file run16.cif (mmCIF, C-alpha atoms)
data_work
#
loop_
_atom_site.label_atom_id
_atom_site.label_comp_id
_atom_site.auth_asym_id
_atom_site.auth_seq_id
_atom_site.Cartn_x
_atom_site.Cartn_y
_atom_site.Cartn_z
CA MET A 7 -22.43 34.51 -1.83
CA ASN A 8 -21.89 30.98 -3.14
CA TRP A 9 -18.12 31.50 -3.08
CA LEU A 10 -18.27 32.59 0.56
CA VAL A 11 -20.38 29.59 1.59
CA ALA A 12 -18.18 27.17 -0.34
CA GLY A 13 -14.97 28.65 1.08
CA THR A 14 -16.33 28.40 4.61
CA ALA A 15 -17.37 24.78 4.05
CA ILE A 16 -14.04 23.66 2.62
CA GLY A 17 -12.14 25.52 5.34
CA ALA A 18 -14.20 23.79 8.02
CA VAL A 19 -13.58 20.37 6.45
CA CYS A 20 -9.83 21.02 6.20
CA CYS A 21 -9.68 22.16 9.83
CA PHE A 22 -11.62 19.07 10.91
CA VAL A 23 -9.27 16.74 9.01
CA MET A 24 -6.16 18.45 10.40
CA ALA A 25 -7.55 18.32 13.93
CA MET A 26 -8.25 14.59 13.64
CA TRP A 27 -4.79 14.01 12.17
CA LYS A 28 -3.01 15.82 15.00
CA ARG A 29 -5.29 14.63 17.77
CA HIS A 30 -2.98 11.87 19.01
CA ASP A 31 0.32 13.40 17.90
CA PRO A 32 2.85 12.40 20.63
CA VAL A 33 4.94 15.51 19.99
CA LEU A 34 2.04 17.81 20.71
CA ARG A 35 0.77 15.69 23.58
CA ASN A 36 4.16 15.68 25.33
CA ARG A 37 4.23 19.47 25.32
CA LEU A 38 1.09 19.60 27.43
CA VAL A 39 1.76 19.26 31.14
CA THR A 40 -1.77 18.33 32.16
CA ALA A 41 -2.68 16.30 29.12
CA SER A 42 -5.82 14.26 29.48
CA PRO A 43 -5.98 10.73 28.07
CA PRO A 44 -7.00 10.69 24.41
CA SER A 45 -10.66 10.05 23.76
CA ARG A 46 -12.09 8.08 20.89
CA SER A 47 -11.49 9.75 17.55
CA PRO A 48 -14.57 11.27 15.88
CA LEU A 49 -13.46 9.58 12.67
CA VAL A 50 -14.44 6.28 14.28
CA ALA A 51 -17.94 7.59 14.99
CA VAL A 52 -18.23 8.89 11.43
CA GLY A 53 -17.00 5.60 10.00
CA ARG A 54 -19.67 3.67 11.88
CA LEU A 55 -22.29 5.34 9.69
CA ILE A 56 -21.32 2.94 6.89
CA ARG A 57 -23.15 -0.35 7.53
CA SER A 58 -22.45 -2.22 4.31
CA ARG A 59 -21.04 -5.63 5.23
CA ARG A 60 -19.55 -6.15 1.79
CA LEU A 61 -17.68 -2.84 1.92
CA ARG A 62 -16.51 -3.53 5.46
CA ALA A 63 -15.19 -6.98 4.54
CA LEU A 64 -13.40 -5.53 1.50
CA MET A 65 -11.81 -2.75 3.58
CA VAL A 66 -10.70 -5.21 6.27
CA ALA A 67 -8.90 -7.27 3.60
CA ARG A 68 -7.21 -4.15 2.22
CA ILE A 69 -6.17 -2.94 5.66
CA GLU A 70 -4.67 -6.32 6.54
CA SER A 71 -2.79 -6.45 3.22
CA ALA A 72 -1.35 -3.01 4.05
CA GLY A 73 -0.06 -4.23 7.41
CA GLY A 74 -2.81 -2.70 9.54
CA THR A 75 -5.20 -4.19 12.04
CA PRO A 76 -8.96 -4.69 11.65
CA GLY A 77 -9.45 -2.15 14.47
CA ALA A 78 -8.58 0.63 12.00
CA LEU A 79 -11.67 -0.12 9.88
CA GLU A 80 -13.90 2.63 11.30
CA ARG A 81 -11.13 5.21 11.06
CA VAL A 82 -10.52 4.42 7.38
CA LEU A 83 -14.25 4.54 6.66
CA GLY A 84 -14.41 7.90 8.43
CA GLN A 85 -11.58 9.14 6.23
CA LYS A 86 -13.55 8.07 3.15
CA ILE A 87 -16.62 10.01 4.30
CA CYS A 88 -14.55 13.10 5.14
CA GLY A 89 -12.82 12.86 1.77
CA SER A 90 -16.20 12.77 0.04
CA LEU A 91 -17.31 15.86 1.98
CA ALA A 92 -14.08 17.63 1.06
CA GLY A 93 -14.67 16.79 -2.62
CA ALA A 94 -18.20 18.18 -2.41
CA ALA A 95 -16.92 21.38 -0.80
CA ALA A 96 -14.25 21.73 -3.50
CA TRP A 97 -16.96 21.30 -6.15
CA LEU A 98 -19.05 24.07 -4.58
CA LEU A 99 -15.99 26.30 -4.37
CA ALA A 100 -15.09 25.74 -8.01
CA THR A 101 -18.48 25.86 -9.72
CA GLY A 102 -21.05 27.04 -7.22
CA ILE A 103 -24.52 25.52 -7.23
CA GLN A 104 -24.98 24.67 -10.91
CA THR A 105 -27.19 22.07 -12.56
CA GLY A 106 -25.31 21.61 -15.81
CA VAL A 107 -24.23 18.15 -16.90
CA SER A 108 -20.55 19.06 -16.90
CA ALA A 109 -20.77 20.60 -13.42
CA ILE A 110 -22.56 17.52 -12.04
CA LEU A 111 -20.01 15.17 -13.60
CA PHE A 112 -17.19 17.29 -12.18
CA GLY A 113 -18.77 17.15 -8.73
CA VAL A 114 -19.25 13.39 -8.93
CA ALA A 115 -15.60 12.99 -9.95
CA LEU A 116 -14.37 15.11 -7.02
CA ILE A 117 -16.56 13.25 -4.52
CA GLY A 118 -15.43 9.90 -5.93
CA CYS A 119 -11.76 10.92 -5.71
CA GLY A 120 -12.22 11.90 -2.07
CA PHE A 121 -13.95 8.59 -1.36
CA ILE A 122 -11.25 6.39 -2.93
CA PHE A 123 -8.24 8.37 -1.68
CA PRO A 124 -7.83 6.16 1.45
CA ASP A 125 -7.95 3.09 -0.82
CA LEU A 126 -5.07 4.50 -2.87
CA ARG A 127 -3.03 5.05 0.28
CA LEU A 128 -3.69 1.48 1.42
CA ALA A 129 -2.81 0.10 -2.01
CA ARG A 130 0.49 2.00 -2.08
CA ARG A 131 1.36 0.80 1.42
CA ALA A 132 0.44 -2.78 0.54
CA ARG A 133 2.59 -2.63 -2.61
CA SER A 134 5.54 -1.32 -0.59
CA LEU A 135 5.15 -4.08 2.01
CA ARG A 136 4.86 -6.72 -0.73
CA GLU A 137 8.06 -5.54 -2.39
CA ARG A 138 9.93 -5.57 0.93
CA ALA A 139 8.58 -9.03 1.74
CA ALA A 140 9.50 -10.35 -1.70
CA ALA A 141 13.08 -9.20 -1.18
CA SER A 142 13.31 -11.41 1.96
CA VAL A 143 11.86 -14.63 0.55
CA ALA A 144 15.27 -16.01 -0.44
CA ASP A 145 16.59 -15.26 3.06
CA LEU A 146 13.63 -17.13 4.55
CA LEU A 147 14.41 -20.16 2.38
CA ASP A 148 18.06 -20.07 3.45
CA VAL A 149 17.11 -19.81 7.12
CA VAL A 150 14.73 -22.76 6.88
CA ALA A 151 17.31 -24.80 4.94
CA VAL A 152 20.05 -24.13 7.51
CA SER A 153 17.70 -24.94 10.38
CA VAL A 154 16.60 -28.19 8.78
CA SER A 155 20.23 -29.12 8.11
CA ALA A 156 20.95 -28.50 11.80
CA GLY A 157 18.36 -31.13 12.75
CA LEU A 158 15.16 -29.13 13.24
CA THR A 159 11.86 -30.07 11.70
CA PRO A 160 10.36 -27.75 9.07
CA ARG A 161 7.76 -26.58 11.57
CA LEU A 162 10.39 -25.63 14.17
CA ALA A 163 12.47 -24.01 11.42
CA LEU A 164 9.54 -21.80 10.43
CA GLU A 165 8.94 -20.93 14.08
CA ARG A 166 12.57 -19.79 14.46
CA ALA A 167 12.60 -17.83 11.20
CA PRO A 168 10.99 -14.52 12.39
CA GLY A 169 13.86 -13.83 14.78
CA ALA A 170 16.37 -14.00 11.91
CA LEU A 171 14.33 -12.21 9.25
CA GLY A 172 12.58 -9.14 10.58
CA GLY A 173 10.68 -6.78 8.29
CA PRO A 174 7.22 -7.41 6.82
CA LEU A 175 7.93 -11.05 5.96
CA GLY A 176 9.17 -11.71 9.49
CA ALA A 177 5.96 -10.19 10.85
CA GLU A 178 3.86 -12.40 8.57
CA VAL A 179 5.75 -15.52 9.65
CA ALA A 180 5.29 -14.48 13.29
CA LYS A 181 1.53 -14.25 12.73
CA ALA A 182 1.65 -17.68 11.09
CA ARG A 183 3.50 -19.04 14.13
CA GLN A 184 0.73 -17.75 16.40
CA ALA A 185 -1.89 -19.39 14.18
CA VAL A 186 0.00 -22.70 14.32
CA ALA A 187 0.20 -22.41 18.11
CA LEU A 188 -3.61 -22.12 18.19
CA GLY A 189 -3.98 -25.43 16.34
CA THR A 190 -4.04 -24.52 12.63
CA PRO A 191 -1.94 -26.87 10.43
CA TRP A 192 1.26 -25.15 9.41
CA ARG A 193 0.84 -26.12 5.75
CA ALA A 194 -2.50 -24.30 5.61
CA VAL A 195 -0.96 -21.33 7.43
CA VAL A 196 1.90 -21.04 4.93
CA ARG A 197 -0.55 -21.12 2.03
CA ARG A 198 -2.66 -18.49 3.76
CA VAL A 199 0.38 -16.25 4.14
CA ALA A 200 1.20 -16.79 0.47
CA ASP A 201 -2.35 -15.81 -0.55
CA ARG A 202 -2.31 -12.74 1.70
CA THR A 203 1.05 -11.46 0.52
CA GLY A 204 0.65 -12.51 -3.11
CA LEU A 205 4.08 -14.16 -3.23
CA PRO A 206 4.22 -17.30 -5.44
CA GLU A 207 7.56 -18.25 -3.86
CA LEU A 208 5.80 -19.01 -0.57
CA ARG A 209 3.39 -21.30 -2.40
CA ARG A 210 6.39 -23.15 -3.81
CA LEU A 211 7.81 -23.37 -0.28
CA ALA A 212 4.58 -24.88 1.01
CA ALA A 213 4.45 -27.36 -1.88
CA THR A 214 8.09 -28.36 -1.27
CA LEU A 215 7.50 -28.96 2.43
CA GLU A 216 4.33 -30.95 1.78
CA ARG A 217 6.10 -33.12 -0.81
CA SER A 218 9.00 -33.75 1.54
CA GLU A 219 6.68 -34.74 4.38
CA ARG A 220 4.63 -37.04 2.15
CA LEU A 221 7.53 -38.77 0.38
CA GLY A 222 10.14 -38.54 3.13
CA THR A 223 12.76 -36.93 0.90
CA PRO A 224 15.42 -34.57 2.32
CA VAL A 225 14.24 -30.98 2.17
CA ALA A 226 17.38 -28.94 2.95
CA GLY A 227 18.95 -29.34 -0.49
CA ARG A 228 15.67 -28.60 -2.24
CA LEU A 229 15.23 -25.41 -0.21
CA ARG A 230 18.72 -24.22 -1.12
CA ASP A 231 17.97 -24.88 -4.79
CA LEU A 232 14.68 -23.03 -4.43
CA ALA A 233 16.47 -20.05 -2.86
CA ARG A 234 18.93 -19.93 -5.77
CA GLU A 235 16.04 -20.12 -8.24
CA VAL A 236 14.23 -17.27 -6.50
CA ARG A 237 17.34 -15.07 -6.58
CA ALA A 238 17.93 -15.88 -10.25
CA GLU A 239 14.31 -15.08 -11.16
CA ARG A 240 14.46 -11.75 -9.34
CA ALA A 241 17.73 -10.89 -11.09
CA VAL A 242 16.07 -11.61 -14.44
CA ARG A 243 13.11 -9.38 -13.50
CA ARG A 244 15.43 -6.54 -12.54
CA GLU A 245 17.22 -6.87 -15.88
CA GLU A 246 13.87 -6.77 -17.70
CA ARG A 247 12.87 -3.59 -15.86
CA ALA A 248 16.25 -2.06 -16.71
CA ARG A 249 15.72 -2.88 -20.41
CA ARG A 250 12.24 -1.34 -20.38
CA ALA A 251 13.49 1.90 -18.81
CA PRO A 252 14.71 3.52 -22.09
CA VAL A 253 11.36 2.79 -23.74
CA ALA A 254 9.49 4.36 -20.84
CA MET A 255 11.77 7.40 -20.97
CA LEU A 256 10.78 8.10 -24.59
CA PHE A 257 7.33 9.37 -23.64
CA PRO A 258 8.43 12.23 -21.32
CA LEU A 259 11.33 12.97 -23.69
CA VAL A 260 9.09 13.34 -26.76
CA PHE A 261 6.03 14.92 -25.20
CA LEU A 262 7.58 17.08 -22.42
CA ILE A 263 11.30 17.75 -22.79
CA LEU A 264 11.48 18.27 -26.58
CA PRO A 265 8.47 20.67 -26.74
CA ALA A 266 9.91 22.67 -23.84
CA PHE A 267 13.29 22.81 -25.62
CA VAL A 268 11.63 23.98 -28.83
CA VAL A 269 9.66 26.69 -27.01
CA ALA A 270 12.68 27.88 -25.00
CA ALA A 271 15.39 27.74 -27.69
CA VAL A 272 13.98 27.47 -31.22
CA VAL A 273 10.97 29.80 -31.02
CA PRO A 274 12.94 32.87 -29.76
CA ALA A 275 15.52 32.35 -32.52
CA LEU A 276 12.76 32.17 -35.13
CA LEU A 277 11.14 35.32 -33.77
CA VAL A 278 14.43 37.22 -33.91
CA ALA A 279 15.11 35.97 -37.44
CA THR A 280 11.66 36.93 -38.72
CA SER A 281 11.83 40.36 -37.09
CA GLY A 282 15.25 40.96 -38.74
CA LEU A 283 13.85 40.03 -42.16
CA GLN A 284 10.95 42.43 -41.74
#
call {"tool": "encode", "arguments": {"input": "run16.cif", "output": "C-alpha cells"}}
result
Amino acid sequence: MNWLVAGTAIGAVCCFVMAMWKRHDPVLRNRLVTASPPSRSPLVAVGRLIRSRRLRALMVARIESAGGTPGALERVLGQKICGSLAGAAAWLLATGIQTGVSAILFGVALIGCGFIFPDLRLARRARSLRERAAASVADLLDVVAVSVSAGLTPRLALERAPGALGGPLGAEVAKARQAVALGTPWRAVVRRVADRTGLPELRRLAATLERSERLGTPVAGRLRDLAREVRAERAVRREERARRAPVAMLFPLVFLILPAFVVAAVVPALLVATSGLQ
C-alpha cells in the first residue's frame, strides 16, 4: 500500500512540474488556434509561501548573477518547494514510512537535494556567463582605448562599447550605461559591474580610469597595455589548465579504466588458465 501511495505522489509531482514547464511553451501555444493569454504560473503562487527576507535577498543576488531578472524570484522559490516535495515523494517511494535513523537521513538528503537543485542551475548559468564575459574583457579594453584615441572621453567610450561587444559583458555594460544615465557616477558603476561579475580586470579598468582622471595622464596607451596584460594572463591560465589535465586524467584511468580492463581481459584469461590446470 505504501508503494502505491508513494508512486501516486511522485507521479503527481512529476506531472505538475512538467505542466508548469510546458505552460508557456511557444511551440505548443502556436499550435492552438484559440489560445487564451497565459495566466500567472502556479509556481509564482507557491514561491510566495516563502517569506524569509534573507533567503529572498540571497536568491535575488544569485538570479542577477545568472543573468536573470528579480521578477523570476517567486518562480525559482516555487521550483525549490516543488523540488523538496519531489524529494519527499522519492523518499516514500524508496523506503516507505520508516522511522529508522538511516531512512530519516536519506529522506533529509533527498529533500535537501530537491531544495538546492535550482541553486545549482543558477550557479552553473552564472559560471557560464562569467566565463563568456571574461573572454570579452580584452575586447572591451581595446574598444575603450580606440574610442579614447579617437577623441572621446572615457565615459562616452564606455557608453559606445555595448554596441561593439555584445554577449554577457555587453549586456552588463549596457546596464551600467543606464545607471549612469540615471545619475550614478560611472566610476562607481564600473566597480559595481566588477563586483557583480567577479572580474578583477574590470576593477583594474576602473582604477586606471580614475587615476587618469585624477592625474590627467593619457589613458589610451595604458588601456592597450592593460589589454595585452589581460590576454597574456589568460594565456598563462590556459597553459596551467593544460598542464594539470594529465594529472586529473590519472584518477579515472587508475580507478575506472584499469579495473574495467582487468575485469574484461585479465580475469577471463585467468579463469581459462585455472580451469585448464584443473
call {"tool": "residues_around", "arguments": {"input": "run16.cif", "residues": "Arg230 of chain A", "least_positions_apart": "5", "cutoff": "9 Å", "atoms": "all atoms listed in the file", "output": "VMD selection string"}}
result
chain A and resid 144 147 to 148 151 to 152 225 235
call {"tool": "write_last_selection", "arguments": {"input": "run16.cif", "atoms": "C-alpha atoms", "output": "PDB file, keeping the file's coordinate frame"}}
result
ATOM      1  CA  ALA A 144      15.270 -16.010  -0.440  1.00  0.00           C
ATOM      2  CA  LEU A 147      14.410 -20.160   2.380  1.00  0.00           C
ATOM      3  CA  ASP A 148      18.060 -20.070   3.450  1.00  0.00           C
ATOM      4  CA  ALA A 151      17.310 -24.800   4.940  1.00  0.00           C
ATOM      5  CA  VAL A 152      20.050 -24.130   7.510  1.00  0.00           C
ATOM      6  CA  VAL A 225      14.240 -30.980   2.170  1.00  0.00           C
ATOM      7  CA  GLU A 235      16.040 -20.120  -8.240  1.00  0.00           C
TER       8      GLU A 235
END
call {"tool": "closest_residue", "arguments": {"input": "run16.cif", "among": "A:Val269, A:Ala187, A:Ile69, A:Val82", "to": "Pro124 of chain A", "atoms": "only C-alpha atoms"}}
result
A:Val82
call {"tool": "atom_distance", "arguments": {"input": "run16.cif", "atom1": "atom CA of Ala78 of chain A", "atom2": "atom CA of Leu135 of chain A"}}
result
17.6 Å
call {"tool": "axis_aligned_box", "arguments": {"input": "run16.cif", "around": "segment 72-81 of chain A", "padding_each_side": "6 Å", "output": "AutoDock Vina command-line options"}}
result
--center_x -7.0 --center_y 0.3 --center_z 9.3 --size_x 25.8 --size_y 21.9 --size_z 22.4
call {"tool": "closest_residue", "arguments": {"input": "run16.cif", "among": "A:Ala140, A:Ala194, A:Leu171, A:Ala266", "to": "Glu239 of chain A", "atoms": "only C-alpha atoms"}}
result
A:Ala140
call {"tool": "resolve_selection", "arguments": {"input": "run16.cif", "expression": "the PyMOL selection byres ((chain A and resi 67) around 12)", "output": "PyMOL selection string"}}
result
chain A and resi 60-66+68-76+78-79+125+128-129+132+201-203
call {"tool": "residues_around", "arguments": {"input": "run16.cif", "residues": "Pro191 of chain A", "least_positions_apart": "6", "cutoff": "10 Å", "atoms": "all atoms listed in the file", "output": "list in words"}}
result
Arg161, Ala182 and Ala185 of chain A
